[in-house]
$ cat query.tsv   # TSV, C-alpha atoms
chain	number	residue	atom	x	y	z
C	93	GLN	CA	0.00	0.00	0.00
C	94	LYS	CA	1.33	3.41	-0.96
C	95	GLU	CA	1.68	5.97	1.81
C	96	VAL	CA	-0.42	8.54	-0.03
C	97	GLU	CA	-2.80	7.52	-2.80
C	98	GLN	CA	-4.58	9.63	-5.38
C	99	ASN	CA	-6.53	8.78	-8.48
C	100	SER	CA	-4.12	9.69	-11.29
C	101	GLY	CA	-6.93	10.76	-13.59
C	102	PRO	CA	-7.17	12.43	-15.96
C	103	LEU	CA	-10.22	14.08	-14.46
C	104	SER	CA	-12.18	16.14	-16.93
C	105	VAL	CA	-14.64	18.76	-15.64
C	106	PRO	CA	-16.65	21.36	-17.58
C	107	GLU	CA	-15.95	25.01	-16.93
C	108	GLY	CA	-18.03	26.38	-14.05
C	109	ALA	CA	-18.60	22.98	-12.46
C	110	ILE	CA	-17.18	21.62	-9.19
C	111	ALA	CA	-14.00	19.55	-9.40
C	112	SER	CA	-13.52	17.00	-6.63
C	113	LEU	CA	-10.09	15.57	-5.88
C	114	ASN	CA	-9.49	12.80	-3.36
C	115	CYS	CA	-6.55	11.45	-1.39
C	116	THR	CA	-6.09	8.67	1.17
C	117	TYR	CA	-3.11	8.10	3.42
C	118	SER	CA	-1.81	5.24	5.51
C	119	ASP	CA	0.08	6.86	8.42
C	120	ARG	CA	-2.36	7.51	11.26
C	121	GLY	CA	0.27	9.68	12.93
C	122	SER	CA	0.07	12.25	10.14
C	123	GLN	CA	-0.50	15.75	11.44
C	124	SER	CA	-0.38	18.10	8.48
C	125	PHE	CA	-2.07	17.94	5.11
C	126	PHE	CA	-1.49	20.04	2.04
C	127	TRP	CA	-2.69	20.42	-1.51
C	128	TYR	CA	-0.26	21.58	-4.16
C	129	ARG	CA	-0.91	22.51	-7.76
C	130	GLN	CA	1.68	21.82	-10.45
C	131	TYR	CA	1.42	23.21	-13.94
C	132	SER	CA	3.27	21.36	-16.68
C	133	GLY	CA	6.96	22.24	-16.59
C	134	LYS	CA	6.63	24.16	-13.33
C	135	SER	CA	7.30	23.36	-9.69
C	136	PRO	CA	4.54	22.59	-7.18
C	137	GLU	CA	2.85	25.57	-5.52
C	138	LEU	CA	0.95	25.43	-2.26
C	139	ILE	CA	-2.78	26.12	-2.55
C	140	MET	CA	-4.28	24.79	0.69
C	141	SER	CA	-3.27	23.46	4.08
C	142	ILE	CA	-5.47	21.75	6.66
C	143	TYR	CA	-4.55	20.43	10.07
C	144	SER	CA	-7.80	19.49	11.84
C	145	ASN	CA	-10.90	17.51	10.94
C	146	GLY	CA	-13.57	19.28	8.97
C	147	ASP	CA	-13.66	21.78	6.14
C	148	LYS	CA	-11.45	24.72	5.37
C	149	GLU	CA	-12.43	27.22	2.71
C	150	ASP	CA	-10.22	29.65	0.80
C	151	GLY	CA	-11.90	31.41	-2.09
C	152	ARG	CA	-13.02	28.81	-4.64
C	153	PHE	CA	-11.11	26.05	-2.84
C	154	THR	CA	-12.35	23.88	0.03
C	155	ALA	CA	-10.19	21.26	1.71
C	156	GLN	CA	-11.84	18.51	3.74
C	157	LEU	CA	-10.08	16.29	6.27
C	158	ASN	CA	-11.36	13.14	7.94
C	159	LYS	CA	-8.62	11.62	10.09
C	160	ALA	CA	-10.75	8.65	11.19
C	161	SER	CA	-11.15	7.60	7.54
C	162	GLN	CA	-7.62	8.79	6.65
C	163	TYR	CA	-9.04	10.82	3.84
C	164	VAL	CA	-8.44	14.32	2.57
C	165	SER	CA	-10.15	16.00	-0.38
C	166	LEU	CA	-10.08	19.22	-2.35
C	167	LEU	CA	-13.11	20.83	-3.97
C	168	ILE	CA	-12.71	23.52	-6.61
C	169	ARG	CA	-15.88	25.50	-7.23
C	170	ASP	CA	-16.63	27.42	-10.43
C	171	SER	CA	-13.75	25.63	-12.18
C	172	GLN	CA	-11.78	27.72	-14.66
C	173	PRO	CA	-9.56	26.61	-17.56
C	174	SER	CA	-6.63	28.06	-15.59
C	175	ASP	CA	-7.29	25.38	-12.93
C	176	SER	CA	-6.12	22.73	-15.41
C	177	ALA	CA	-3.04	21.25	-13.74
C	178	THR	CA	-1.85	18.29	-11.70
C	179	TYR	CA	-2.97	18.42	-8.07
C	180	LEU	CA	-0.71	16.83	-5.48
C	181	CYS	CA	-1.82	15.73	-2.06
C	182	ALA	CA	0.92	15.87	0.59
C	183	VAL	CA	0.72	14.34	4.04
C	184	GLY	CA	3.16	15.05	6.84
C	185	ALA	CA	4.31	13.14	9.88
C	186	GLN	CA	8.11	12.92	10.16
C	187	LYS	CA	8.37	13.96	6.52
C	188	LEU	CA	6.07	15.23	3.81
C	189	VAL	CA	4.96	12.44	1.49
C	190	PHE	CA	3.33	13.26	-1.83
C	191	GLY	CA	0.77	11.34	-3.80
C	192	GLN	CA	1.29	10.69	-7.50
C	193	GLY	CA	-1.05	13.55	-8.34
C	194	THR	CA	-4.36	13.86	-10.18
C	195	ARG	CA	-4.31	15.48	-13.59
C	196	LEU	CA	-7.29	17.83	-13.87
C	197	THR	CA	-8.55	19.29	-17.14
C	198	ILE	CA	-11.23	21.99	-17.20
C	199	ASN	CA	-13.06	22.06	-20.51
C	200	PRO	CA	-14.34	25.45	-21.72
U	139	LYS	CA	10.59	38.31	-0.26
U	140	ALA	CA	12.62	36.21	-2.68
U	141	GLY	CA	11.55	32.61	-3.19
U	142	VAL	CA	13.59	29.45	-3.12
U	143	THR	CA	16.46	29.66	-5.60
U	144	GLN	CA	17.99	26.61	-7.21
U	145	THR	CA	21.05	26.54	-9.42
U	146	PRO	CA	21.72	25.50	-12.04
U	147	ARG	CA	18.38	25.14	-13.85
U	148	TYR	CA	19.68	22.53	-16.28
U	149	LEU	CA	22.54	20.05	-16.20
U	150	ILE	CA	23.74	17.41	-18.62
U	151	LYS	CA	26.19	14.85	-17.28
U	152	THR	CA	27.51	11.49	-18.38
U	153	ARG	CA	27.33	8.22	-16.49
U	154	GLY	CA	29.89	7.89	-13.74
U	155	GLN	CA	30.29	11.62	-13.18
U	156	GLN	CA	29.19	13.42	-10.07
U	157	VAL	CA	27.04	16.52	-9.71
U	158	THR	CA	26.35	19.16	-7.07
U	159	LEU	CA	23.08	21.08	-6.94
U	160	SER	CA	22.57	24.22	-4.91
U	161	CYS	CA	19.57	25.64	-3.07
U	162	SER	CA	19.03	28.96	-1.28
U	163	PRO	CA	15.91	28.90	0.91
U	164	ILE	CA	13.47	31.71	1.55
U	165	SER	CA	14.98	34.18	3.99
U	166	GLY	CA	14.26	33.05	7.55
U	167	HIS	CA	13.46	29.47	6.60
U	168	ARG	CA	15.61	26.98	8.46
U	169	SER	CA	14.50	23.69	6.96
U	170	VAL	CA	15.47	22.53	3.48
U	171	SER	CA	14.09	19.39	1.87
U	172	TRP	CA	15.11	17.76	-1.39
U	173	TYR	CA	12.87	15.75	-3.69
U	174	GLN	CA	13.38	13.85	-6.92
U	175	GLN	CA	10.55	14.02	-9.43
U	176	THR	CA	10.18	11.60	-12.33
U	177	PRO	CA	7.13	10.81	-14.49
U	178	GLY	CA	6.97	7.24	-13.22
U	179	GLN	CA	7.65	7.71	-9.50
U	180	GLY	CA	6.32	11.18	-8.85
U	181	LEU	CA	7.83	13.22	-6.04
U	182	GLN	CA	10.18	11.12	-3.96
U	183	PHE	CA	11.65	12.44	-0.71
U	184	LEU	CA	15.45	12.50	-0.57
U	185	PHE	CA	16.32	14.21	2.71
U	186	GLU	CA	15.59	17.11	5.03
U	187	TYR	CA	18.14	19.36	6.66
U	188	PHE	CA	17.50	21.58	9.65
U	189	SER	CA	20.11	23.53	11.59
U	190	GLU	CA	22.88	21.99	9.47
U	191	THR	CA	21.85	18.45	10.45
U	192	GLN	CA	20.17	15.81	8.32
U	193	ARG	CA	16.89	15.14	10.13
U	194	ASN	CA	15.32	12.62	7.82
U	195	LYS	CA	16.29	10.56	4.82
U	196	GLY	CA	14.34	8.81	2.08
U	197	ASN	CA	15.03	5.46	0.43
U	198	PHE	CA	17.83	6.47	-1.88
U	199	PRO	CA	21.30	4.93	-2.16
U	200	GLY	CA	24.30	6.47	-0.45
U	201	ARG	CA	25.34	8.06	-3.75
U	202	PHE	CA	22.86	10.78	-2.87
U	203	SER	CA	24.09	13.08	-0.14
U	204	GLY	CA	23.57	16.59	1.02
U	205	ARG	CA	24.57	19.22	3.48
U	206	GLN	CA	23.34	22.48	4.92
U	207	PHE	CA	25.40	25.51	5.79
U	208	SER	CA	25.03	27.91	8.70
U	209	ASN	CA	23.10	30.36	6.50
U	210	SER	CA	20.58	27.56	5.72
U	211	ARG	CA	21.73	27.23	2.12
U	212	SER	CA	21.92	23.61	1.05
U	213	GLU	CA	23.67	21.49	-1.52
U	214	MET	CA	22.99	17.98	-2.68
U	215	ASN	CA	25.51	15.76	-4.38
U	216	VAL	CA	25.03	12.71	-6.54
U	217	SER	CA	28.10	10.62	-7.21
U	218	THR	CA	28.68	7.95	-9.85
U	219	LEU	CA	25.70	9.07	-11.89
U	220	GLU	CA	23.43	6.50	-13.48
U	221	LEU	CA	20.97	6.91	-16.36
U	222	GLY	CA	18.11	6.46	-13.88
U	223	ASP	CA	19.19	9.56	-11.99
U	224	SER	CA	17.80	11.72	-14.80
U	225	ALA	CA	15.04	13.69	-13.12
U	226	LEU	CA	13.87	17.05	-11.88
U	227	TYR	CA	15.44	17.73	-8.49
U	228	LEU	CA	13.37	20.04	-6.35
U	229	CYS	CA	14.45	21.88	-3.27
U	230	ALA	CA	11.87	23.18	-0.84
U	231	SER	CA	12.20	25.28	2.26
U	232	SER	CA	10.00	25.71	5.29
U	233	LEU	CA	10.03	27.89	8.36
U	234	ALA	CA	10.28	24.97	10.77
U	235	ARG	CA	10.81	21.25	10.58
U	236	VAL	CA	8.44	19.59	8.17
U	237	GLY	CA	5.53	17.53	9.47
U	238	LEU	CA	6.01	18.21	13.14
U	239	ASN	CA	5.08	21.88	13.11
U	240	ASN	CA	2.47	22.15	10.37
U	241	SER	CA	5.04	23.90	8.27
U	242	PRO	CA	4.33	23.86	4.51
U	243	LEU	CA	7.03	23.45	1.91
U	244	HIS	CA	7.78	26.16	-0.62
U	245	PHE	CA	9.45	24.84	-3.75
U	246	GLY	CA	12.12	26.23	-5.98
U	247	ASN	CA	12.01	25.95	-9.77
U	248	GLY	CA	14.12	22.81	-9.73
U	249	THR	CA	17.22	21.56	-11.48
U	250	ARG	CA	16.63	19.37	-14.51
U	251	LEU	CA	19.39	16.74	-14.58
U	252	THR	CA	19.95	14.65	-17.67
U	253	VAL	CA	22.41	11.76	-17.51
U	254	THR	CA	23.63	10.39	-20.85
$ encode --input "query.tsv" --output "structure tokens"
Amino acid sequence: QKEVEQNSGPLSVPEGAIASLNCTYSDRGSQSFFWYRQYSGKSPELIMSIYSNGDKEDGRFTAQLNKASQYVSLLIRDSQPSDSATYLCAVGAQKLVFGQGTRLTINP
Amino acid sequence: KAGVTQTPRYLIKTRGQQVTLSCSPISGHRSVSWYQQTPGQGLQFLFEYFSETQRNKGNFPGRFSGRQFSNSRSEMNVSTLELGDSALYLCASSLARVGLNNSPLHFGNGTRLTVT
């Protein structure tokens, strides 16, 4: 079992719709959870962090964490073509472990 | 505030050579982590340095090493290069130690290493 698992996609969503990205992790001792966005040929950039159970909203982005189910998700509302990228889930205990990423395409 | 700076951006080396990559963290950040990114394996953790000490290490052979200086700048070295070492090497800095203090990583632009 991988430490952090994501559906690799590609996930295709029409413009204006909600994109839902999911991630599961295996280390129950994990304390910090992040979502990064990586455009092709660029380095990952931090878009959301979440540390406690529940929802955290930041603009069009909502991160959800459920430690009992070892599950973290990212919702993108009103998806824009500029949201097309690979989204990486990162989970931290003693180190930050990244999932393989989900490739998201927003179709105009 | 300047971001994480990695040099060089691109490197081409031949098998058996060694290479040194450099990373300057965001001012005030004391932790530097290194990752290898390949299409097949994704982002793989190499090591983390904090206060000039290696705090954590990933599952890479001893050919991969690093160090951190008193000004938090870091270098990583790969000796006896193999074709499989071709990858994007990313450096990331954080204010405090990763994972333990809810401290996110901020990435540099990476060094693209090609081994021929």
$ interface_residues --input "query.tsv" --of "chain C" --to "chain U" --cutoff "10 Å" --atoms "all atoms listed in the file" --output "PDB file with C-alpha atoms, keeping the file's coordinate frame"
ATOM      1  CA  SER C 122       0.070  12.250  10.140  1.00  0.00           C
ATOM      2  CA  GLN C 123      -0.500  15.750  11.440  1.00  0.00           C
ATOM      3  CA  SER C 124      -0.380  18.100   8.480  1.00  0.00           C
ATOM      4  CA  PHE C 125      -2.070  17.940   5.110  1.00  0.00           C
ATOM      5  CA  PHE C 126      -1.490  20.040   2.040  1.00  0.00           C
ATOM      6  CA  TRP C 127      -2.690  20.420  -1.510  1.00  0.00           C
ATOM      7  CA  TYR C 128      -0.260  21.580  -4.160  1.00  0.00           C
ATOM      8  CA  GLY C 133       6.960  22.240 -16.590  1.00  0.00           C
ATOM      9  CA  LYS C 134       6.630  24.160 -13.330  1.00  0.00           C
ATOM     10  CA  SER C 135       7.300  23.360  -9.690  1.00  0.00           C
ATOM     11  CA  PRO C 136       4.540  22.590  -7.180  1.00  0.00           C
ATOM     12  CA  GLU C 137       2.850  25.570  -5.520  1.00  0.00           C
ATOM     13  CA  LEU C 138       0.950  25.430  -2.260  1.00  0.00           C
ATOM     14  CA  MET C 140      -4.280  24.790   0.690  1.00  0.00           C
ATOM     15  CA  SER C 141      -3.270  23.460   4.080  1.00  0.00           C
ATOM     16  CA  ILE C 142      -5.470  21.750   6.660  1.00  0.00           C
ATOM     17  CA  TYR C 143      -4.550  20.430  10.070  1.00  0.00           C
ATOM     18  CA  LEU C 180      -0.710  16.830  -5.480  1.00  0.00           C
ATOM     19  CA  ALA C 182       0.920  15.870   0.590  1.00  0.00           C
ATOM     20  CA  VAL C 183       0.720  14.340   4.040  1.00  0.00           C
ATOM     21  CA  GLY C 184       3.160  15.050   6.840  1.00  0.00           C
ATOM     22  CA  ALA C 185       4.310  13.140   9.880  1.00  0.00           C
ATOM     23  CA  GLN C 186       8.110  12.920  10.160  1.00  0.00           C
ATOM     24  CA  LYS C 187       8.370  13.960   6.520  1.00  0.00           C
ATOM     25  CA  LEU C 188       6.070  15.230   3.810  1.00  0.00           C
ATOM     26  CA  VAL C 189       4.960  12.440   1.490  1.00  0.00           C
ATOM     27  CA  PHE C 190       3.330  13.260  -1.830  1.00  0.00           C
ATOM     28  CA  GLY C 191       0.770  11.340  -3.800  1.00  0.00           C
ATOM     29  CA  GLN C 192       1.290  10.690  -7.500  1.00  0.00           C
ATOM     30  CA  GLY C 193      -1.050  13.550  -8.340  1.00  0.00           C
TER      31      GLY C 193
END
$ atom_distance --input "query.tsv" --atom1 "CA of Tyr173 (chain U)" --atom2 "CA of Thr197 (chain C)"
25.5 Å
$ atom_distance --input "query.tsv" --atom1 "CA of Cys161 (chain U)" --atom2 "CA of Phe188 (chain U)"
13.5 Å
$ closest_residue --input "query.tsv" --among "C:Ser104, C:Gln156, C:Ser144, C:Ser165" --to "Asn199 (chain C)" --atoms "only C-alpha atoms"
C:Ser104
$ closest_residue --input "query.tsv" --among "U:Val170, U:Ile150, U:Thr218, U:Gln155" --to "Arg205 (chain U)" --atoms "all atoms listed in the file"
U:Val170
$ atom_distance --input "query.tsv" --atom1 "CA of Tyr131 (chain C)" --atom2 "CA of Ser176 (chain C)"
7.7 Å
$ residues_around --input "query.tsv" --residues "Thr178 (chain C)" --least-positions-apart "2" --cutoff "6 Å" --atoms "only C-alpha atoms" --output "ChimeraX atom specification"
/C:129-130,193-196
$ residues_near_point --input "query.tsv" --point "(26.4, 7.0, -19.0)" --cutoff "8 Å" --atoms "only C-alpha atoms" --output "PyMOL selection string"
chain U and resi 152-154+219-221+253-254
$ residues_around --input "query.tsv" --residues "Ala225 (chain U)" --least-positions-apart "2" --cutoff "7 Å" --atoms "only C-alpha atoms" --output "list in words"
Gln174, Gln175, Thr176, Asp223, Tyr227, Arg250, Leu251 and Thr252 of chain U
$ residues_near_point --input "query.tsv" --point "(-10.3, 11.9, 0.5)" --cutoff "7 Å" --atoms "only C-alpha atoms" --output "list in words"
Asn114, Cys115, Thr116, Tyr163, Val164 and Ser165 of chain C
$ closest_residue --input "query.tsv" --among "U:Thr249, U:Thr191, U:Ser231, U:Ser203" --to "Gly141 (chain U)" --atoms "only C-alpha atoms"
U:Ser231
